[in-house]
$ cat entry_6.cif   # mmCIF, C-alpha atoms
data_data
#
loop_
_atom_site.label_atom_id
_atom_site.label_comp_id
_atom_site.auth_asym_id
_atom_site.auth_seq_id
_atom_site.Cartn_x
_atom_site.Cartn_y
_atom_site.Cartn_z
CA MET A 1 -21.26 3.98 22.63
CA GLU A 2 -22.85 6.09 19.90
CA ARG A 3 -24.16 9.60 19.45
CA THR A 4 -26.12 10.62 16.37
CA LYS A 5 -26.76 14.11 15.04
CA THR A 6 -27.87 15.85 11.87
CA VAL A 7 -25.16 17.87 10.14
CA LYS A 8 -26.31 20.79 8.01
CA PRO A 9 -24.18 22.95 5.72
CA ILE A 10 -22.48 26.14 6.82
CA TYR A 11 -22.48 28.82 4.14
CA ASN A 12 -20.20 31.19 6.01
CA ASP A 13 -18.68 31.53 9.46
CA HIS A 14 -21.64 33.47 10.81
CA ASN A 15 -24.63 31.64 9.35
CA ASN A 16 -25.37 27.94 9.58
CA SER A 17 -29.03 28.20 8.60
CA PRO A 18 -30.35 26.23 5.63
CA SER A 19 -30.82 28.07 2.37
CA SER A 20 -34.27 29.64 2.03
CA THR A 21 -34.40 28.85 -1.69
CA LEU A 22 -35.77 25.41 -2.54
CA GLU A 23 -34.14 24.02 -5.65
CA LEU A 24 -34.42 20.76 -7.53
CA ILE A 25 -31.80 18.72 -9.37
CA PRO A 26 -33.46 16.33 -11.83
CA LEU A 27 -31.84 12.92 -12.04
CA SER A 28 -30.09 12.30 -15.36
CA VAL A 29 -30.65 9.21 -17.49
CA PHE A 30 -27.45 7.78 -15.99
CA ASP A 31 -28.69 8.36 -12.43
CA LYS A 32 -32.04 6.71 -13.11
CA TYR A 33 -30.55 3.54 -14.56
CA THR A 34 -27.72 2.89 -12.16
CA TYR A 35 -27.95 0.76 -9.04
CA ASN A 36 -30.86 1.78 -6.80
CA THR A 37 -28.93 1.04 -3.64
CA GLU A 38 -26.40 2.49 -1.25
CA ALA A 39 -22.63 2.51 -1.64
CA ALA A 40 -20.40 2.33 1.42
CA PHE A 41 -16.72 2.11 2.28
CA ILE A 42 -14.42 2.73 5.22
CA PHE A 43 -11.12 4.53 5.74
CA GLY A 44 -8.76 3.71 8.60
CA TYR A 45 -6.37 6.28 10.11
CA GLN A 46 -3.54 5.79 12.57
CA PRO A 47 -3.00 8.23 15.44
CA PRO A 48 -2.64 11.09 15.85
CA THR A 49 -5.96 11.93 14.23
CA PRO A 50 -7.94 15.18 14.16
CA PRO A 51 -10.80 15.55 16.68
CA ASN A 52 -14.36 14.81 15.62
CA ALA A 53 -15.20 18.50 15.87
CA THR A 54 -12.69 19.32 13.13
CA ILE A 55 -14.04 16.60 10.84
CA GLU A 56 -17.63 17.66 11.52
CA TYR A 57 -16.88 21.31 10.83
CA GLY A 58 -15.20 20.38 7.57
CA LEU A 59 -18.25 18.29 6.64
CA ARG A 60 -20.59 21.20 7.31
CA ARG A 61 -18.49 23.51 5.18
CA VAL A 62 -18.06 21.12 2.24
CA LEU A 63 -21.78 20.34 2.20
CA SER A 64 -22.40 23.96 1.23
CA GLU A 65 -20.65 23.18 -2.08
CA TYR A 66 -22.20 19.72 -2.43
CA ARG A 67 -25.83 20.37 -1.65
CA GLU A 68 -26.98 17.10 -3.28
CA PHE A 69 -25.38 15.28 -0.37
CA THR A 70 -27.46 17.18 2.17
CA GLY A 71 -30.78 17.08 0.28
CA ARG A 72 -33.56 14.53 -0.09
CA PHE A 73 -35.14 12.57 -2.92
CA GLY A 74 -38.45 13.84 -4.24
CA GLU A 75 -40.46 14.36 -7.42
CA ASP A 76 -41.03 17.33 -9.69
CA GLU A 77 -44.41 18.43 -11.02
CA LYS A 78 -44.25 15.72 -13.70
CA GLY A 79 -43.56 12.98 -11.16
CA ASP A 80 -39.94 12.52 -12.26
CA PRO A 81 -37.34 11.79 -9.56
CA VAL A 82 -35.25 14.71 -8.34
CA ILE A 83 -32.90 15.64 -5.54
CA VAL A 84 -34.49 18.39 -3.48
CA LEU A 85 -31.85 20.86 -2.29
CA ASN A 86 -33.52 21.56 1.03
CA ASP A 87 -30.38 21.36 3.21
CA LYS A 88 -32.02 18.96 5.62
CA GLY A 89 -28.60 17.55 6.32
CA ALA A 90 -26.50 14.42 6.48
CA LYS A 91 -26.41 12.08 9.46
CA LEU A 92 -23.27 11.90 11.59
CA VAL A 93 -22.72 9.04 14.01
CA GLU A 94 -19.94 9.33 16.59
CA ALA A 95 -19.00 5.94 18.01
CA SER A 96 -16.31 4.38 20.16
CA ALA A 97 -15.06 0.80 20.34
CA ASP A 98 -13.64 -0.71 23.50
CA CYS A 99 -10.79 -2.44 21.67
CA LYS A 100 -7.81 -1.78 19.45
CA LEU A 101 -8.27 -1.65 15.70
CA ASP A 102 -5.58 -4.25 14.98
CA PRO A 103 -7.71 -7.35 15.75
CA VAL A 104 -10.37 -6.32 13.23
CA PRO A 105 -10.01 -8.36 10.01
CA MET A 106 -8.85 -6.08 7.22
CA LYS A 107 -11.18 -7.29 4.51
CA PRO A 108 -14.91 -6.84 3.95
CA SER A 109 -16.89 -9.06 6.30
CA PRO A 110 -20.06 -8.99 8.38
CA ALA A 111 -17.90 -8.01 11.38
CA LEU A 112 -17.13 -4.65 9.77
CA ARG A 113 -20.76 -3.68 9.18
CA CYS A 114 -20.80 -1.88 12.51
CA LEU A 115 -18.25 0.61 11.12
CA TYR A 116 -20.43 2.03 8.35
CA PRO A 117 -24.09 2.92 8.88
CA SER A 118 -26.94 2.08 6.55
CA LEU A 119 -29.37 4.48 4.88
CA ASN A 120 -32.30 2.17 5.61
CA GLU A 121 -33.27 3.89 8.83
CA GLY A 122 -33.94 7.39 7.52
CA GLU A 123 -34.35 9.71 4.55
CA GLU A 124 -30.78 11.03 4.50
CA LEU A 125 -28.78 10.53 1.34
CA VAL A 126 -25.46 10.47 3.21
CA VAL A 127 -24.50 8.97 6.56
CA VAL A 128 -21.04 9.29 8.12
CA GLN A 129 -19.73 7.35 11.11
CA LEU A 130 -16.60 8.23 13.09
CA THR A 131 -15.43 5.30 15.23
CA ARG A 132 -12.63 5.79 17.77
CA PHE A 133 -10.58 2.86 19.04
CA THR A 134 -8.62 2.54 22.28
CA CYS A 135 -5.34 2.52 20.33
CA GLY A 136 -6.13 6.02 19.03
CA SER A 137 -7.04 4.85 15.53
CA LEU A 138 -10.00 6.33 13.70
CA VAL A 139 -12.28 4.67 11.16
CA VAL A 140 -14.43 6.89 8.95
CA GLY A 141 -17.41 5.03 7.48
CA PHE A 142 -19.16 6.71 4.56
CA THR A 143 -22.50 5.60 3.10
CA VAL A 144 -24.31 7.34 0.23
CA HIS A 145 -27.17 6.52 -2.10
CA HIS A 146 -25.82 5.59 -5.54
CA TRP A 147 -28.19 7.96 -7.31
CA VAL A 148 -26.31 10.88 -5.74
CA GLY A 149 -23.15 10.05 -7.62
CA ASP A 150 -20.70 7.47 -8.94
CA GLY A 151 -17.19 6.74 -7.73
CA SER A 152 -15.65 9.80 -9.40
CA SER A 153 -18.22 12.08 -7.74
CA LEU A 154 -17.86 10.50 -4.33
CA PHE A 155 -14.08 10.66 -4.23
CA LYS A 156 -14.06 14.29 -5.34
CA PHE A 157 -16.42 15.02 -2.44
CA LEU A 158 -14.27 13.05 0.02
CA VAL A 159 -11.00 14.65 -1.09
CA ASP A 160 -12.55 18.13 -0.92
CA TRP A 161 -13.96 17.37 2.53
CA GLY A 162 -10.45 16.50 3.67
CA LYS A 163 -9.06 19.70 2.14
CA VAL A 164 -11.57 21.83 4.02
CA CYS A 165 -10.67 20.06 7.28
CA ARG A 166 -7.02 20.99 6.63
CA GLY A 167 -7.84 24.61 5.84
CA ILE A 168 -7.16 24.23 2.11
CA GLU A 169 -9.41 25.92 -0.41
CA ILE A 170 -11.23 23.67 -2.89
CA SER A 171 -9.38 24.27 -6.15
CA THR A 172 -12.07 23.12 -8.59
CA LEU A 173 -15.70 23.44 -7.56
CA PRO A 174 -18.19 20.67 -8.38
CA LEU A 175 -20.37 20.87 -11.48
CA HIS A 176 -23.99 20.18 -10.54
CA ASP A 177 -25.90 20.52 -13.83
CA ARG A 178 -27.36 17.07 -14.61
CA THR A 179 -29.36 18.36 -17.59
CA ILE A 180 -26.32 18.46 -19.90
CA PHE A 181 -27.13 15.12 -21.54
CA LYS A 182 -29.41 15.89 -24.49
CA PRO A 183 -30.89 13.36 -26.95
CA ARG A 184 -30.29 13.91 -30.63
CA ASN A 185 -33.14 15.05 -32.85
CA PRO A 186 -34.08 12.81 -34.48
CA PRO A 187 -32.41 10.10 -32.41
CA PRO A 188 -30.71 7.51 -34.67
CA PHE A 189 -30.85 4.69 -32.04
CA GLU A 190 -27.53 3.24 -33.17
CA TYR A 191 -27.46 0.51 -30.51
CA GLU A 192 -30.05 -1.78 -28.96
CA HIS A 193 -29.80 -1.13 -25.24
CA ARG A 194 -32.57 -3.45 -24.09
CA GLY A 195 -32.42 -7.22 -24.13
CA VAL A 196 -29.48 -9.22 -22.86
CA LYS A 197 -27.00 -6.38 -22.65
CA PHE A 198 -29.38 -3.85 -21.19
CA ILE A 199 -31.42 -5.80 -18.71
CA GLU A 200 -30.94 -9.53 -18.53
CA THR A 201 -27.22 -9.73 -17.81
CA LEU A 202 -27.49 -7.71 -14.63
CA LEU A 203 -30.91 -8.88 -13.55
CA LYS A 204 -30.66 -12.57 -14.26
CA GLY A 205 -28.25 -14.75 -12.33
CA CYS A 206 -27.89 -18.40 -13.17
CA ALA A 207 -29.77 -20.94 -11.09
CA SER A 208 -27.82 -21.55 -7.93
CA ASN A 209 -27.73 -24.01 -5.09
CA VAL A 210 -26.47 -21.29 -2.75
CA GLU A 211 -28.97 -21.29 0.09
CA SER A 212 -27.95 -17.91 1.49
CA ASN A 213 -25.25 -15.28 1.31
CA ASN A 214 -23.70 -16.92 4.38
CA ASP A 215 -22.00 -19.31 1.94
CA ILE A 216 -20.08 -16.39 0.41
CA VAL A 217 -16.72 -15.08 1.63
CA VAL A 218 -14.55 -12.18 0.52
CA GLU A 219 -10.93 -13.03 -0.20
CA LYS A 220 -8.29 -10.31 -0.39
CA VAL A 221 -5.65 -10.93 -3.06
CA HIS A 222 -2.56 -8.72 -3.26
CA PHE A 223 -1.06 -8.46 -6.74
CA THR A 224 2.49 -7.12 -6.61
CA VAL A 225 4.01 -4.94 -9.31
CA GLU A 226 6.16 -7.91 -10.30
CA PHE A 227 3.12 -10.17 -10.76
CA LEU A 228 1.26 -7.52 -12.73
CA SER A 229 4.30 -7.07 -14.99
CA LYS A 230 4.44 -10.82 -15.56
CA ILE A 231 0.84 -11.13 -16.73
CA LYS A 232 1.11 -7.93 -18.79
CA ALA A 233 4.06 -9.48 -20.61
CA MET A 234 1.68 -12.28 -21.67
CA THR A 235 -0.93 -9.88 -22.99
CA LYS A 236 0.97 -7.18 -24.89
CA PRO A 237 -0.09 -4.64 -26.06
CA TYR A 238 -2.96 -4.62 -23.55
CA GLY A 239 -2.65 -2.88 -20.21
CA THR A 240 -2.80 -3.74 -16.54
CA PHE A 241 -6.59 -3.67 -16.17
CA ALA A 242 -7.34 -5.94 -19.14
CA SER A 243 -4.62 -8.43 -18.20
CA LEU A 244 -5.62 -8.59 -14.52
CA VAL A 245 -9.32 -9.02 -15.30
CA ALA A 246 -8.43 -11.72 -17.84
CA HIS A 247 -6.38 -13.50 -15.18
CA LEU A 248 -9.17 -13.34 -12.59
CA TRP A 249 -11.75 -14.42 -15.16
CA ARG A 250 -9.76 -17.55 -15.89
CA VAL A 251 -8.89 -18.29 -12.26
CA LEU A 252 -12.49 -18.02 -11.09
CA THR A 253 -13.73 -20.10 -14.01
CA LYS A 254 -11.29 -22.85 -13.03
CA ALA A 255 -12.05 -22.57 -9.32
CA ARG A 256 -15.79 -22.74 -9.96
CA GLY A 257 -15.30 -26.01 -11.81
CA ILE A 258 -17.54 -25.00 -14.71
CA ASN A 259 -16.91 -26.03 -18.28
CA GLY A 260 -18.55 -26.47 -21.65
CA PHE A 261 -20.06 -24.15 -24.22
CA GLU A 262 -22.02 -21.90 -21.87
CA ALA A 263 -21.20 -18.19 -22.22
CA SER A 264 -19.59 -16.21 -19.41
CA HIS A 265 -19.80 -12.41 -19.24
CA VAL A 266 -17.60 -9.95 -17.39
CA ILE A 267 -19.60 -6.89 -16.40
CA VAL A 268 -17.23 -3.89 -16.35
CA SER A 269 -18.25 -0.37 -15.37
CA VAL A 270 -16.99 2.32 -17.78
CA ASN A 271 -16.62 5.98 -16.79
CA GLY A 272 -17.99 8.15 -19.59
CA ARG A 273 -16.44 11.46 -18.54
CA THR A 274 -13.51 11.21 -20.95
CA ARG A 275 -15.43 9.25 -23.58
CA MET A 276 -18.19 11.66 -24.50
CA THR A 277 -17.63 14.48 -26.97
CA PRO A 278 -17.28 17.11 -25.66
CA LYS A 279 -15.73 15.55 -22.56
CA VAL A 280 -17.65 15.78 -19.30
CA PRO A 281 -15.49 17.54 -16.68
CA ASN A 282 -14.13 15.41 -13.85
CA GLU A 283 -15.86 17.86 -11.52
CA TYR A 284 -19.28 16.65 -12.71
CA ILE A 285 -21.34 15.36 -9.78
CA GLY A 286 -23.71 12.55 -10.67
CA ASN A 287 -23.52 9.18 -12.39
CA MET A 288 -21.63 8.89 -15.66
CA VAL A 289 -21.19 5.12 -15.97
CA LEU A 290 -22.32 2.45 -18.42
CA TRP A 291 -21.24 -1.17 -18.71
CA ALA A 292 -19.12 -3.23 -21.07
CA PHE A 293 -19.84 -6.94 -21.44
CA PRO A 294 -16.86 -8.94 -22.75
CA SER A 295 -18.07 -12.48 -23.30
CA ALA A 296 -16.65 -15.89 -24.17
CA LYS A 297 -17.63 -19.53 -23.90
CA ILE A 298 -16.28 -21.40 -20.89
CA ASN A 299 -14.12 -23.72 -22.98
CA GLU A 300 -12.61 -20.72 -24.78
CA ILE A 301 -11.74 -19.04 -21.47
CA LEU A 302 -9.93 -22.18 -20.32
CA GLN A 303 -8.12 -22.91 -23.58
CA GLN A 304 -7.29 -19.70 -25.40
CA SER A 305 -4.37 -17.42 -24.57
CA MET A 306 -4.47 -14.67 -21.97
CA ARG A 307 -3.79 -12.22 -24.77
CA ASP A 308 -6.99 -13.29 -26.51
CA GLU A 309 -9.02 -12.73 -23.35
CA SER A 310 -7.34 -9.39 -22.71
CA LYS A 311 -8.25 -8.33 -26.24
CA LEU A 312 -11.89 -9.28 -25.60
CA ILE A 313 -11.93 -7.12 -22.48
CA HIS A 314 -10.06 -4.22 -24.08
CA ASP A 315 -12.26 -4.16 -27.19
CA ALA A 316 -15.52 -4.40 -25.25
CA ILE A 317 -14.51 -1.42 -23.12
CA ALA A 318 -13.27 0.55 -26.15
CA ASN A 319 -16.66 0.06 -27.82
CA VAL A 320 -18.38 1.89 -24.96
CA ASP A 321 -17.40 5.15 -26.64
CA ASN A 322 -19.02 8.52 -27.31
CA ASN A 323 -21.45 7.02 -29.84
CA TYR A 324 -22.52 4.35 -27.36
CA PHE A 325 -23.03 6.85 -24.51
CA GLN A 326 -24.96 9.22 -26.77
CA SER A 327 -27.05 6.34 -28.09
CA PHE A 328 -27.90 5.44 -24.51
CA VAL A 329 -29.04 9.03 -23.86
CA ASP A 330 -31.28 8.81 -26.95
CA PHE A 331 -32.69 5.44 -25.98
CA ALA A 332 -33.21 6.16 -22.29
CA THR A 333 -34.82 9.52 -22.99
CA HIS A 334 -37.22 8.39 -25.71
CA LYS A 335 -37.88 4.67 -25.68
CA LEU A 336 -37.59 3.93 -21.98
CA ALA A 337 -39.81 6.86 -21.09
CA ILE A 338 -42.47 5.47 -23.42
CA GLU A 339 -42.05 1.75 -22.81
CA GLU A 340 -41.45 2.03 -19.06
CA VAL A 341 -38.80 -0.66 -19.22
CA SER A 342 -37.38 -1.43 -15.79
CA PRO A 343 -33.92 -0.01 -15.09
CA HIS A 344 -31.23 -2.57 -15.80
CA ALA A 345 -29.10 -2.14 -12.72
CA LYS A 346 -31.63 -3.48 -10.27
CA SER A 347 -30.91 -5.42 -7.13
CA SER A 348 -31.42 -9.17 -7.28
CA ASP A 349 -32.36 -11.69 -4.62
CA ASN A 350 -29.94 -14.13 -6.16
CA PHE A 351 -26.57 -14.39 -4.41
CA THR A 352 -24.42 -15.65 -7.29
CA LEU A 353 -23.37 -14.32 -10.68
CA SER A 354 -21.77 -17.59 -11.82
CA PRO A 355 -20.70 -18.11 -14.55
CA ASN A 356 -20.42 -14.33 -14.85
CA LEU A 357 -18.27 -11.75 -13.04
CA GLU A 358 -18.75 -8.11 -12.19
CA VAL A 359 -15.61 -5.98 -11.82
CA THR A 360 -15.52 -2.54 -10.22
CA SER A 361 -12.18 -0.74 -10.33
CA TRP A 362 -11.23 2.15 -8.04
CA VAL A 363 -7.57 1.94 -9.02
CA GLY A 364 -7.65 5.35 -10.70
CA PHE A 365 -9.40 7.12 -7.83
CA PRO A 366 -7.54 9.26 -5.25
CA VAL A 367 -8.29 6.80 -2.45
CA TYR A 368 -5.30 7.79 -0.35
CA ASP A 369 -5.77 11.53 -0.81
CA VAL A 370 -8.72 11.50 1.60
CA ASP A 371 -6.86 13.27 4.41
CA PHE A 372 -8.82 14.94 7.24
CA GLY A 373 -5.71 16.36 8.86
CA GLY A 374 -3.90 13.33 10.23
CA GLY A 375 -2.40 12.03 7.02
CA SER A 376 -3.43 9.49 4.40
CA PRO A 377 -5.53 6.47 5.34
CA TYR A 378 -3.56 3.30 5.91
CA MET A 379 -6.65 1.25 5.13
CA PHE A 380 -9.45 1.52 2.60
CA LEU A 381 -12.14 -1.12 2.22
CA PRO A 382 -15.34 -1.44 0.23
CA ALA A 383 -18.44 -2.46 2.13
CA TYR A 384 -19.24 -6.13 2.64
CA PHE A 385 -21.25 -7.11 -0.44
CA PRO A 386 -22.03 -10.84 -0.40
CA MET A 387 -22.64 -11.47 -4.09
CA GLU A 388 -20.60 -14.31 -5.57
CA GLY A 389 -18.66 -13.17 -8.62
CA VAL A 390 -18.26 -9.52 -7.61
CA ILE A 391 -14.68 -8.18 -7.63
CA PHE A 392 -13.42 -4.83 -6.34
CA LEU A 393 -10.00 -3.60 -7.45
CA ILE A 394 -8.33 -0.91 -5.36
CA PRO A 395 -4.84 0.60 -5.25
CA SER A 396 -2.67 -0.91 -2.54
CA PRO A 397 -1.89 1.25 0.52
CA ALA A 398 1.77 0.75 -0.40
CA ARG A 399 1.10 3.19 -3.28
CA ASP A 400 3.74 1.41 -5.37
CA GLY A 401 1.49 0.37 -8.26
CA SER A 402 0.39 -2.90 -6.69
CA ILE A 403 -3.32 -3.73 -6.61
CA ASP A 404 -5.56 -5.36 -4.01
CA ALA A 405 -8.51 -7.37 -5.29
CA PHE A 406 -11.45 -8.23 -3.05
CA VAL A 407 -13.09 -11.27 -4.59
CA CYS A 408 -16.51 -12.54 -3.47
CA LEU A 409 -16.70 -16.30 -3.88
CA LEU A 410 -18.22 -19.43 -2.42
CA GLN A 411 -16.61 -20.85 0.67
CA SER A 412 -16.55 -24.26 -1.06
CA ILE A 413 -14.10 -23.10 -3.76
CA LEU A 414 -11.92 -20.81 -1.62
CA SER A 415 -9.13 -23.35 -1.19
CA LYS A 416 -8.84 -24.03 -4.92
CA PHE A 417 -8.99 -20.31 -5.73
CA LYS A 418 -6.17 -19.52 -3.29
CA HIS A 419 -4.09 -22.36 -4.71
CA ILE A 420 -4.10 -20.99 -8.27
CA VAL A 421 -4.68 -17.22 -8.02
CA TYR A 422 -0.98 -16.33 -7.84
CA THR A 423 -0.03 -18.53 -10.79
CA PRO A 424 -0.35 -17.03 -14.29
CA GLN A 425 -2.91 -19.14 -16.11
CA ASP A 426 -1.91 -18.68 -19.74
CA HIS A 427 -2.68 -21.47 -22.20
CA GLY A 428 -2.64 -21.98 -25.92
CA GLN A 429 -1.29 -19.72 -28.64
CA SER A 430 -2.64 -16.32 -29.53
CA HIS A 431 -5.00 -16.32 -32.48
CA LEU A 432 -4.14 -12.73 -33.34
#

$ encode --input "entry_6.cif" --output "structure tokens"
Amino acid sequence: MERTKTVKPIYNDHNNSPSSTLELIPLSVFDKYTYNTEAAFIFGYQPPTPPNATIEYGLRRVLSEYREFTGRFGEDEKGDPVIVLNDKGAKLVEASADCKLDPVPMKPSPALRCLYPSLNEGEELVVVQLTRFTCGSLVVGFTVHHWVGDGSSLFKFLVDWGKVCRGIEISTLPLHDRTIFKPRNPPPFEYEHRGVKFIETLLKGCASNVESNNDIVVEKVHFTVEFLSKIKAMTKPYGTFASLVAHLWRVLTKARGINGFEASHVIVSVNGRTRMTPKVPNEYIGNMVLWAFPSAKINEILQQSMRDESKLIHDAIANVDNNYFQSFVDFATHKLAIEEVSPHAKSSDNFTLSPNLEVTSWVGFPVYDVDFGGGSPYMFLPAYFPMEGVIFLIPSPARDGSIDAFVCLLQSILSKFKHIVYTPQDHGQSHL
């Protein structure tokens, strides 16, 4: 059973009318060249949980501070994309399931798609679904268009929404100005952002014999603190992220059964908020992400030490620094506007990234601070995204420093992957 309504912001306790002033937020260069798609995830809460009315009221109140989430896409007088702050509202779906939550598989799968709505059916930029189960559990599904914001933006919104539901004042208000990224004059164009690193790596997948995304499964892998410490000991002085990505890179390369001198890339998203000078506040709402592309030949991945691979990953991420972000602003503002080069983060009809990987980490996000009044979620899952080679890293609900990885891979290699994923795969001697 479902009931759908439009939720508009409340600006004070006595007035829930939309603002009479029509404003526009122009998309930044980072918004325009991120993924033109929706992002979705679900949170699971054990009883007792707050009533839907409390969650809805909190949503209405927080939308008054996050007007991008209640607006619509449009164009300015020049034809450039903008978010129109017209307060037309977000969509809220209230649903109930005639079963307990326990039998639902706790990893992304087609079966969970009914718990988070899609944006395809309307013009809303945000859709929320509240699903009640007979056991008293609540699942909150959240779907948003990626142009509205990146992971940092979305989790600030979600945490603040929870605070409002609990009667807590938002301590730091969001920063909405997306015009803060200015090109240099004259722009030095220090880096070449087109070509393989700018377009081809994300657009072009290798030829595949995968007939459909039905051949792809998502495997949940739990990495304990002890396991993470073990692989970090192999990769000193590099940290948890570099060592874990190096481990998964090697494991998937082995499980895929690929070898030779072909290059393999790891596509890693890099948050620019702390990398630009001056730093961009964490309260900034919008996209602030570029990509690092550590790369090695297949035979090197299989033969060199884990420390070597961790260094590749660490150095590639370190190179996406202030100069690189500023160079991207210069390039995207001047050359892309003239050349009309297609954005690089564009959806593909191909279902496999092999021999490449794409890693998205939410380990540093306040996943378990999204509390609507009934406590922290006991479950957090990304949406089902059937693209072979995509990996999501999230903090474990145990909140003990362990990490859960959701790995999208072919059904045909699942058995081999599971057989080796919990075994450190170090080989060779470090060349450093």

$ residues_around --input "entry_6.cif" --residues "His176 in chain A" --least-positions-apart "3" --cutoff "9 Å" --atoms "only C-alpha atoms" --output "ChimeraX atom specification"
/A:25,66,68,283-286

$ closest_residue --input "entry_6.cif" --among "A:Ser264, A:Thr352, A:Ser64, A:Thr274" --to "Ile216 in chain A" --atoms "all atoms listed in the file"
A:Thr352

$ atom_distance --input "entry_6.cif" --atom1 "CA of Lys100 in chain A" --atom2 "CA of Gln46 in chain A"
11.1 Å

$ residues_near_point --input "entry_6.cif" --point "(-20.5, -19.4, -14.6)" --cutoff "7 Å" --atoms "only C-alpha atoms" --output "JSON, numbers by chain"
{"A": [253, 258, 264, 354, 355, 356]}

$ residues_around --input "entry_6.cif" --residues "Pro48 in chain A" --least-positions-apart "4" --cutoff "10 Å" --atoms "all atoms listed in the file" --output "compact mmCIF listing (two decimals) with C-alpha atoms, keeping the file's coordinate frame"
# COMPACT_ATOMS: atom_id res chain seq x y z
CA GLY A 136 -6.13 6.02 19.03
CA SER A 137 -7.04 4.85 15.53
CA LEU A 138 -10.00 6.33 13.70
CA GLY A 373 -5.71 16.36 8.86
CA GLY A 374 -3.90 13.33 10.23
CA GLY A 375 -2.40 12.03 7.02

$ closest_residue --input "entry_6.cif" --among "A:Phe73, A:Ile83, A:Lys220, A:Asn287" --to "His146 in chain A" --atoms "all atoms listed in the file"
A:Asn287

$ resolve_selection --input "entry_6.cif" --expression "the PyMOL selection byres ((chain A and resi 182) around 10)" --output "list in words"
Ser28, Val29, Thr179, Ile180, Phe181, Pro183, Arg184, Asn185, Gln326, Val329, Asp330 and Thr333 of chain A

$ write_last_selection --input "entry_6.cif" --atoms "C-alpha atoms" --output "PDB file, keeping the file's coordinate frame"
ATOM      1  CA  SER A  28     -30.090  12.300 -15.360  1.00  0.00           C
ATOM      2  CA  VAL A  29     -30.650   9.210 -17.490  1.00  0.00           C
ATOM      3  CA  THR A 179     -29.360  18.360 -17.590  1.00  0.00           C
ATOM      4  CA  ILE A 180     -26.320  18.460 -19.900  1.00  0.00           C
ATOM      5  CA  PHE A 181     -27.130  15.120 -21.540  1.00  0.00           C
ATOM      6  CA  PRO A 183     -30.890  13.360 -26.950  1.00  0.00           C
ATOM      7  CA  ARG A 184     -30.290  13.910 -30.630  1.00  0.00           C
ATOM      8  CA  ASN A 185     -33.140  15.050 -32.850  1.00  0.00           C
ATOM      9  CA  GLN A 326     -24.960   9.220 -26.770  1.00  0.00           C
ATOM     10  CA  VAL A 329     -29.040   9.030 -23.860  1.00  0.00           C
ATOM     11  CA  ASP A 330     -31.280   8.810 -26.950  1.00  0.00           C
ATOM     12  CA  THR A 333     -34.820   9.520 -22.990  1.00  0.00           C
TER      13      THR A 333
END

$ closest_residue --input "entry_6.cif" --among "A:Asn52, A:Thr423, A:Ser152, A:Ser243" --to "Phe365 in chain A" --atoms "only C-alpha atoms"
A:Ser152

$ atom_distance --input "entry_6.cif" --atom1 "CA of Pro366 in chain A" --atom2 "CA of Pro9 in chain A"
24.2 Å

$ closest_residue --input "entry_6.cif" --among "A:Ser305, A:Asp321, A:Leu290, A:Tyr116" --to "Met276 in chain A" --atoms "all atoms listed in the file"
A:Asp321

$ resolve_selection --input "entry_6.cif" --expression "the PyMOL selection byres ((chain A and resi 122) around 12)" --output "list in words"
Thr6, Arg72, Phe73, Lys88, Gly89, Ala90, Lys91, Pro117, Ser118, Leu119, Asn120, Glu121, Glu123, Glu124, Leu125, Val126, Val127 and His145 of chain A

$ axis_aligned_box --input "entry_6.cif" --around "range 412-421 of chain A" --padding-each-side "8 Å" --output "lines of an AutoDock Vina configuration file"
center_x = -10.3
center_y = -20.7
center_z = -4.7
size_x = 28.5
size_y = 23.0
size_z = 23.2

$ resolve_selection --input "entry_6.cif" --expression "the PyMOL selection byres ((chain A and resi 393-401) around 7)" --output "count of residues only"
14

$ closest_residue --input "entry_6.cif" --among "A:Lys32, A:Pro424, A:Val7, A:Tyr57" --to "Glu226 in chain A" --atoms "only C-alpha atoms"
A:Pro424

$ closest_residue --input "entry_6.cif" --among "A:Leu59, A:Pro26, A:Glu300, A:Thr224" --to "Phe261 in chain A" --atoms "only C-alpha atoms"
A:Glu300

$ residues_around --input "entry_6.cif" --residues "Ala316 in chain A" --least-positions-apart "2" --cutoff "7 Å" --atoms "all atoms listed in the file" --output "list in words"
Ala292, Phe293, Pro294, Leu312, Ile313, His314, Ala318, Asn319 and Val320 of chain A

$ write_last_selection --input "entry_6.cif" --atoms "C-alpha atoms" --output "JSON list (two decimals), keeping the file's coordinate frame"
[["chain", "number", "residue", "atom", "x", "y", "z"],
["A", 292, "ALA", "CA", -19.12, -3.23, -21.07],
["A", 293, "PHE", "CA", -19.84, -6.94, -21.44],
["A", 294, "PRO", "CA", -16.86, -8.94, -22.75],
["A", 312, "LEU", "CA", -11.89, -9.28, -25.60],
["A", 313, "ILE", "CA", -11.93, -7.12, -22.48],
["A", 314, "HIS", "CA", -10.06, -4.22, -24.08],
["A", 318, "ALA", "CA", -13.27, 0.55, -26.15],
["A", 319, "ASN", "CA", -16.66, 0.06, -27.82],
["A", 320, "VAL", "CA", -18.38, 1.89, -24.96]]

$ atom_distance --input "entry_6.cif" --atom1 "CA of Asn36 in chain A" --atom2 "CA of Thr143 in chain A"
13.5 Å

$ residues_around --input "entry_6.cif" --residues "Glu309 in chain A" --least-positions-apart "5" --cutoff "9 Å" --atoms "only C-alpha atoms" --output "ChimeraX atom specification"
/A:235,242-243,245-247,249-250,294,296,300-301,304,314
